[in-house]
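Asker: Before anything else, here's the structure in question.
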Amino acid sequence: MEIIFNTSVWAAAVRVATPLLLAAFGCLLCAKAGITNLAIDGFITVGCFISVAVVNLCNGNVWMGMLGAIVGTAIYSAIFGLAVVKFKANHIIASIAMNLLSGGLTTFLMAAVFHTQGLFRLSNIKKLQPVSIGFLKNIPVINVLINDQSIVVHFTILMVIAMSFILRRTEYGLKVTALGQSEGAARSAGIKPARVCWSVILLSGAFCGLAGAYLSTTILSEFSEGMVAGRGFTAYTAVIFGGSNPIPVGLVTLLFGFADAIGIQVELMGTGIPTSVVSMLPYVLALVVLTVSSLSAKARENGKIILRRK
C-alpha cells in the first residue's frame, strides 16, 4: 500500500500521463466530429522522430524540436485527412495504413538522416528545466502532482480546462459537436463538414506532435523504433472510457500513467516480478477499462429499451 501513496510515484504518473493526454486531445476532437482516428499511434511516432531530428539539427534546442514536431506532424496528418475527407476512405483502414506508413517512414528516414538503425540518442540536448510555482507549495496534493514539472505538463493541464470551454462554449466547439451528432443537421445549419473535419484532423496531428516531442525530448532523449509502444491506442481507450469529455479523459489518462509508474517502481524495487509482467500493467488496465466501458454502455442501452417498452 505504501507505493500507492508514494509522492514520487504520483509525480511520475503525471509525467507519463502527459503524452497520453495530449494525444487524447487529438483523438477526442476527431471523435466529437464523428471521425474514428486510430492513427494516433503513427502520429506520435512521427512527432518523436521530427522532434529528435530538429533538436539534433538545432544544436540541442528543445523548443525548436517541439515546434518542428507540432508543424511536421500536422502536415503528416493531412495525408489521413486527404484519405477520409477528400476520398471518403474507411476511417479504420486509413488509420491502419497511416500507422504502418509512420513505422516504415521513420525507419527509412532514421537510416537516411542519422545513418543508424534501431536507436539514435541525442548527445547535445538542452532539456527544459522543471518549473516551480511558488503558491502551489502550500497546496499539498497539487504541489506533488504539478510543481517542479515541465512546462508542457502545465500546458497540458490548462488545456483540459480550455478544451472543456471550447467544446461547450464556443462556436467552433458547437460546430464540431453538431457535426458528430448529425452531418445532415449540421449542413442544414450552415456548417461546412469538410472544413470542420480538416481542422480537427490537423489539430490532432499537432497535439500528437507535441506528445511525441515531449516523449522523445523530455521523458527520453532519443528516438527508437517502437518507442511509442501503443500509447496512441491507450489514448483512444481513455477517450472512449471518458465519454469524450476532457476532464474524465484527463483522469483516465492519469490512471494509466499511475499504472505505468507503479510498474516502473515495482521493477526498480527488485521484487522478483518478471519485467514482462510489469510492462503489461498499463495494457491490462486498458483492457479492463474497455470492458467496463462496454458493459456500462450496454447497461444504459438496456435501460433505455426497458423504459421505451413501458
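Naming works like this for the C-alpha cells: A, B, ... for the chains as they're shown, residue 1 at the start of each chain, ligands 1 onward in shown order.
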Apply DSSP to the backbone of this structure and, from stretch 56-101 of chain A, keep only the residues in alpha helix (DSSP H); write these as a PyMOL selection string.
Answerer: chain A and resi 56-57+62-81+91-101
Asker: With C-alpha atoms retained, could you export that selection as a PDB file, in the first residue's frame?
Answerer:
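Heads up, here's the output in selection_33.pdb:
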ATOM      1  CA  ASN A  56      19.864  17.426 -33.394  1.00  0.00           C
ATOM      2  CA  LEU A  57      19.909  19.942 -36.259  1.00  0.00           C
ATOM      3  CA  VAL A  62      14.200  21.518 -27.467  1.00  0.00           C
ATOM      4  CA  TRP A  63      11.821  24.403 -28.197  1.00  0.00           C
ATOM      5  CA  MET A  64      12.623  24.184 -31.893  1.00  0.00           C
ATOM      6  CA  GLY A  65      12.195  20.417 -31.724  1.00  0.00           C
ATOM      7  CA  MET A  66       8.716  20.775 -30.251  1.00  0.00           C
ATOM      8  CA  LEU A  67       7.713  23.412 -32.777  1.00  0.00           C
ATOM      9  CA  GLY A  68       9.015  21.264 -35.620  1.00  0.00           C
ATOM     10  CA  ALA A  69       7.114  18.236 -34.300  1.00  0.00           C
ATOM     11  CA  ILE A  70       3.849  20.171 -33.993  1.00  0.00           C
ATOM     12  CA  VAL A  71       4.030  21.610 -37.516  1.00  0.00           C
ATOM     13  CA  GLY A  72       5.517  18.499 -39.145  1.00  0.00           C
ATOM     14  CA  THR A  73       3.022  16.072 -37.623  1.00  0.00           C
ATOM     15  CA  ALA A  74       0.114  18.350 -38.505  1.00  0.00           C
ATOM     16  CA  ILE A  75       1.310  18.237 -42.123  1.00  0.00           C
ATOM     17  CA  TYR A  76       1.674  14.451 -41.901  1.00  0.00           C
ATOM     18  CA  SER A  77      -1.896  14.161 -40.548  1.00  0.00           C
ATOM     19  CA  ALA A  78      -3.089  15.895 -43.725  1.00  0.00           C
ATOM     20  CA  ILE A  79      -2.489  12.577 -45.531  1.00  0.00           C
ATOM     21  CA  PHE A  80      -5.087  10.999 -43.239  1.00  0.00           C
ATOM     22  CA  GLY A  81      -7.388  13.964 -43.868  1.00  0.00           C
ATOM     23  CA  HIS A  91     -11.600   5.582 -41.211  1.00  0.00           C
ATOM     24  CA  ILE A  92     -10.234   2.427 -39.600  1.00  0.00           C
ATOM     25  CA  ILE A  93      -8.473   1.173 -42.736  1.00  0.00           C
ATOM     26  CA  ALA A  94      -6.989   4.631 -43.339  1.00  0.00           C
ATOM     27  CA  SER A  95      -5.805   4.702 -39.708  1.00  0.00           C
ATOM     28  CA  ILE A  96      -4.093   1.323 -40.025  1.00  0.00           C
ATOM     29  CA  ALA A  97      -2.419   2.490 -43.219  1.00  0.00           C
ATOM     30  CA  MET A  98      -1.160   5.654 -41.505  1.00  0.00           C
ATOM     31  CA  ASN A  99       0.277   3.653 -38.603  1.00  0.00           C
ATOM     32  CA  LEU A 100       2.076   1.289 -40.965  1.00  0.00           C
ATOM     33  CA  LEU A 101       3.337   4.210 -43.043  1.00  0.00           C
TER      34      LEU A 101
END
Asker: Using the chain letters and numbers from this document, which residues of stretch 113-231 of chain A does DSSP assign to strand (DSSP E or B), as a list of chain:residue names?
Answerer: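 The residues of stretch 113-231 of chain A classed as strand (DSSP E or B) are A:Leu119, A:Phe120, A:Arg121, A:Lys126, A:Val131, A:Gln149, A:Glu222, A:Phe223, A:Ser224.
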Asker: Write the selection just made, keeping C-alpha atoms, as a compact mmCIF listing (two decimals), in the first residue's frame?
Answerer:
# COMPACT_ATOMS: atom_id res chain seq x y z
CA LEU A 119 18.19 3.77 -31.93
CA PHE A 120 19.51 7.31 -32.13
CA ARG A 121 20.39 9.03 -28.85
CA LYS A 126 19.38 21.08 -23.70
CA VAL A 131 9.03 24.88 -13.49
CA GLN A 149 7.30 19.58 -13.66
CA GLU A 222 16.30 9.57 -28.09
CA PHE A 223 14.33 8.09 -30.93
CA SER A 224 14.00 4.35 -31.23
Asker: May I ask for the distance between atom CA of A:Gln181 and atom CA of A:Ile240, given in Å to one decimal place?
Answerer: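 Atom-to-atom, atom CA of A:Gln181 to atom CA of A:Ile240, that is 15.8 Å.
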Asker: Residues at most 12 Å from A:Gly250, counting only C-alpha atoms, excluding those fewer than 4 positions away in the same chain, as number ranges by chain?
Answerer: A: 14, 17-25, 28, 156-161, 163-164, 235-246, 254-257
Asker: What is the atom CA of A:Thr107-atom CA of A:Glu225 distance in Å, reported with one decimal?
Answerer: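 The value is 7.0 Å.
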Asker: Using only C-alpha atoms for the distances, tell me which of A:Ile133, A:Pro140, A:Ala162, A:Cys197 is nearest to A:Ala178.
Answerer: A:Cys197
Asker: Quick one: pull the distance between atom CA of A:Asn124 and atom CA of A:Gly60, Å, one decimal.
Answerer: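 It comes out at 5.0 Å.
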Asker: Counting only C-alpha atoms, figure out which residue out of A:Gly209, A:Gly103, A:Gly180, A:Gly263 gets nearest to A:Ala229.
Answerer: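 Distance minimum relative to A:Ala229 lands on A:Gly103.
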